[in-house]
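**Student:** The structure follows.
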Amino acid sequence: MQIAGTIGNYTMAEADTLRKMMSKKKPEDMEKEKPKFVEGAKKQKINENKARKIWEQMETFAEYGFNKSHSTAYAMISYQTAYLKAHYPVAFMAALLTSEKDNRDKIIKHMSTCKDMGINILPPDINESEKDFSISGENIRFGLAAVKNVGAAAIDSIIEARKNGRFTSFMDFLTRIDLRKTNKRVLESLIKCGAFDAIGYKRRQLAQYFEEAMDMAQRRQKELQSAQSSFFDEFDSSSNGGNGSTGYEIPDLPEWDQKELLSMEKEALGFYISGHPLLRFADKLRFVANANSGNLNTKNDKDTITIAGVVSTLSERQTKRKDTMCNITLEDLHGSVGVIFWADAYSKYYKILHEDEPVVITGTLDVGDESVKIIAQEAVSLSKALENPYKQVRFMIDASKVSPETIKSFNETIKKYRGKSEGYMHIINGKSETIVYLGDDLRLEINDKLKKEADRILGEGATIYS
């Protein structure tokens, strides 16, 4: 700012604007500012060539520059965190997760990192979880603060009650905590995320009967608080064992299916812990996708990418033409990304986006200053995409072994299998190879019949799917 004012004749406000341009690393904006700086230098009677050299030094600093003290501080922090991550990985990742607990995408990303490091992320547990992420042996335990609708007062009440011993049953839990601080919404969220799984309950079982159990526990607590309990009440309390002081038995029920369990878990936590709808497809995703939310920042603006995930949020919006478009958040195993479906695309793929199943989306990358989005072109269910995961078919043709009649027969044959996949001929002549694209008018449907007929004409193994 001082250089801009002294040499470029900038006001303090103008110099601050220039500083912001530099901090945001926008060379195109800096280039627009250059004539103004040089002109200001002339007014200060500074040689134009000298002014331009000074500007070039400023541009270099704007690309990426730190003063030495800043760089030294970063180096120290980098060394310390690297040491902690190497020697205390579980503690380090637990602390990292806690520091990002309000950033959903960062949590998903760090959970994926933990998985790669061999560290399991355990779901919330009423007897084990602290307020934030904590160490549980060689694993990390989810904190109660991460559960939606569970506030600080409820967490403090649970942890305080736990000091007198572990909760042995759901009724034991209800009779020992302060129910004035732990309402029905809190209990419902704890049940849905699996916080009571370890003490032997099914989530569906508790979701069905927890209100009835809570009503009985509240009546019991009011009686004790009003000093109306009798000798027989106390005797009854000591004889009920794991059921707490109410004697209420929670009826058994079969558990929800895996899809419902994951849906409830997502509702309570904002993301999946015990599983993910994409996990069963993890080893096959490379056949249908060329990107994920974690590596989009390595792609270029306007790149065509294909990504698989689940629709976690969907919001519709009216266009100026009164058509309906939508914005979705697509979540995969690495995080999430925003996807825009303009009206035509949304109308075409409406059903797929509302089926609550994993999808594969092909679109154009839109790289902005603050975020990366995808402009959708196509969408298909993941299960359907995996029925035929290949994108291209390549025919290896030995020029010395084929005749014009062979090529004619080959051409007529492949025309019977028109589809959406690109086709290429690799014409091999000695040591040289010429690759010919079959064209957009001759895209192919990749299947076993095509391979069988093409190999019959060109030779065994001539047809390659990729």
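Residues are referred to by chain and number: the chain letter is A, B, ... according to the order shown in the structure tokens, the number counts from 1 in that chain, and ligands are numbered separately from 1 in the order shown.
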With DSSP run on the backbone, what are the strand (DSSP E or B) residues within stretch 396-458 of chain A? I'd like them as a PyMOL selection string.

**Tutor:** chain A and resi 396-398+418-429+432-437+444

**Student:** Excluding A:Arg280 and any residue of its chain fewer than 3 positions from it, enumerate the residues within 12 Å of it, using only C-alpha atoms, and give them as a list in words.

**Tutor:**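 Answer for this query is Gln258, Gly275, His276, Pro277, Asp283, Lys284, Leu285, Leu333, Pro358, Leu382 and Ser383 of chain A.
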
**Student:** Take the residues from that selection and put them in a file with N, CA and C atoms, as a PDB file, in the first residue's frame.

**Tutor:**
```pdb
ATOM      1  N   GLN A 258     -30.937 -51.807   5.834  1.00  0.00           N
ATOM      2  CA  GLN A 258     -29.716 -51.003   5.788  1.00  0.00           C
ATOM      3  C   GLN A 258     -29.954 -49.626   5.175  1.00  0.00           C
ATOM      4  N   GLY A 275     -21.838 -46.590   7.310  1.00  0.00           N
ATOM      5  CA  GLY A 275     -21.789 -47.052   5.930  1.00  0.00           C
ATOM      6  C   GLY A 275     -22.075 -45.887   5.005  1.00  0.00           C
ATOM      7  N   HIS A 276     -22.071 -46.149   3.709  1.00  0.00           N
ATOM      8  CA  HIS A 276     -22.387 -45.126   2.714  1.00  0.00           C
ATOM      9  C   HIS A 276     -23.001 -45.839   1.513  1.00  0.00           C
ATOM     10  N   PRO A 277     -24.049 -45.258   0.910  1.00  0.00           N
ATOM     11  CA  PRO A 277     -24.671 -45.917  -0.239  1.00  0.00           C
ATOM     12  C   PRO A 277     -23.704 -46.241  -1.377  1.00  0.00           C
ATOM     13  N   ASP A 283     -15.320 -50.243  -5.576  1.00  0.00           N
ATOM     14  CA  ASP A 283     -14.308 -50.805  -6.472  1.00  0.00           C
ATOM     15  C   ASP A 283     -14.714 -50.739  -7.942  1.00  0.00           C
ATOM     16  N   LYS A 284     -15.952 -50.264  -8.211  1.00  0.00           N
ATOM     17  CA  LYS A 284     -16.427 -50.204  -9.588  1.00  0.00           C
ATOM     18  C   LYS A 284     -16.602 -48.773 -10.104  1.00  0.00           C
ATOM     19  N   LEU A 285     -16.476 -47.798  -9.199  1.00  0.00           N
ATOM     20  CA  LEU A 285     -16.739 -46.411  -9.591  1.00  0.00           C
ATOM     21  C   LEU A 285     -15.820 -45.934 -10.712  1.00  0.00           C
ATOM     22  N   LEU A 333     -17.814 -40.284  -1.673  1.00  0.00           N
ATOM     23  CA  LEU A 333     -16.995 -40.768  -0.554  1.00  0.00           C
ATOM     24  C   LEU A 333     -15.933 -39.771  -0.124  1.00  0.00           C
ATOM     25  N   PRO A 358     -28.124 -43.804  -5.729  1.00  0.00           N
ATOM     26  CA  PRO A 358     -26.892 -43.207  -6.272  1.00  0.00           C
ATOM     27  C   PRO A 358     -27.021 -42.943  -7.768  1.00  0.00           C
ATOM     28  N   LEU A 382     -26.733 -45.103 -10.916  1.00  0.00           N
ATOM     29  CA  LEU A 382     -25.437 -45.787 -10.854  1.00  0.00           C
ATOM     30  C   LEU A 382     -25.574 -47.255 -11.212  1.00  0.00           C
ATOM     31  N   SER A 383     -26.646 -47.885 -10.748  1.00  0.00           N
ATOM     32  CA  SER A 383     -26.820 -49.311 -11.039  1.00  0.00           C
ATOM     33  C   SER A 383     -26.945 -49.555 -12.542  1.00  0.00           C
TER      34      SER A 383
END
```

**Student:** Determine, counting only C-alpha atoms, which protein, DNA and RNA residues have an atom within 10 Å of an atom of A:Ala4; residues of the same chain fewer than 5 positions away are not included. Present the result as a list in words.

**Tutor:**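 Contacts, in chain order: Asn9, Tyr10, Thr11, Met12, Glu14, Ala15, Asp16, Leu18, Arg19, Phe37, Gly40, Ala41, Trp55 and Met58 of chain A.
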
**Student:** In Å, with one decimal, what is the gap from atom CA of A:Asn67 to atom CA of A:Gln2?

**Tutor:**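 One can read the atom CA of A:Asn67 to atom CA of A:Gln2 distance as 15.3 Å.
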
**Student:** What separation in Å, quoted to one decimal, exists between atom CA of A:Leu224 and atom CA of A:Arg180?

**Tutor:**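 Atom-to-atom, atom CA of A:Leu224 to atom CA of A:Arg180, that is 14.0 Å.
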
**Student:** List every residue of stretch 190-422 of chain A that DSSP, applied to the backbone of this structure, places in helix (DSSP H, G or I), and write the result as a PyMOL selection string.

**Tutor:** chain A and resi 190-192+197-199+203-225+231-238+241-243+258-269+279-281+285-288+296-298+343-353+382-385+404-417

**Student:** Just checking: using only C-alpha atoms, which residue out of A:Thr306, A:Asn411, A:Asn127, A:Asp441 ends up closest to A:Val380?

**Tutor:** A:Thr306

**Student:** Would you work out the distance separating atom CA of A:Met216 from atom CA of A:Arg204, expressed in Å to one decimal?

**Tutor:**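 Atom CA of A:Arg204 lies 19.4 Å from atom CA of A:Met216.
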
**Student:** Which residue out of A:Arg166, A:Arg443, A:Lys109, A:Arg203 has the minimum interatomic distance to A:Ile126 when only C-alpha atoms are used?

**Tutor:**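 With only C-alpha atoms as the atom set, the closest residue is A:Arg166.
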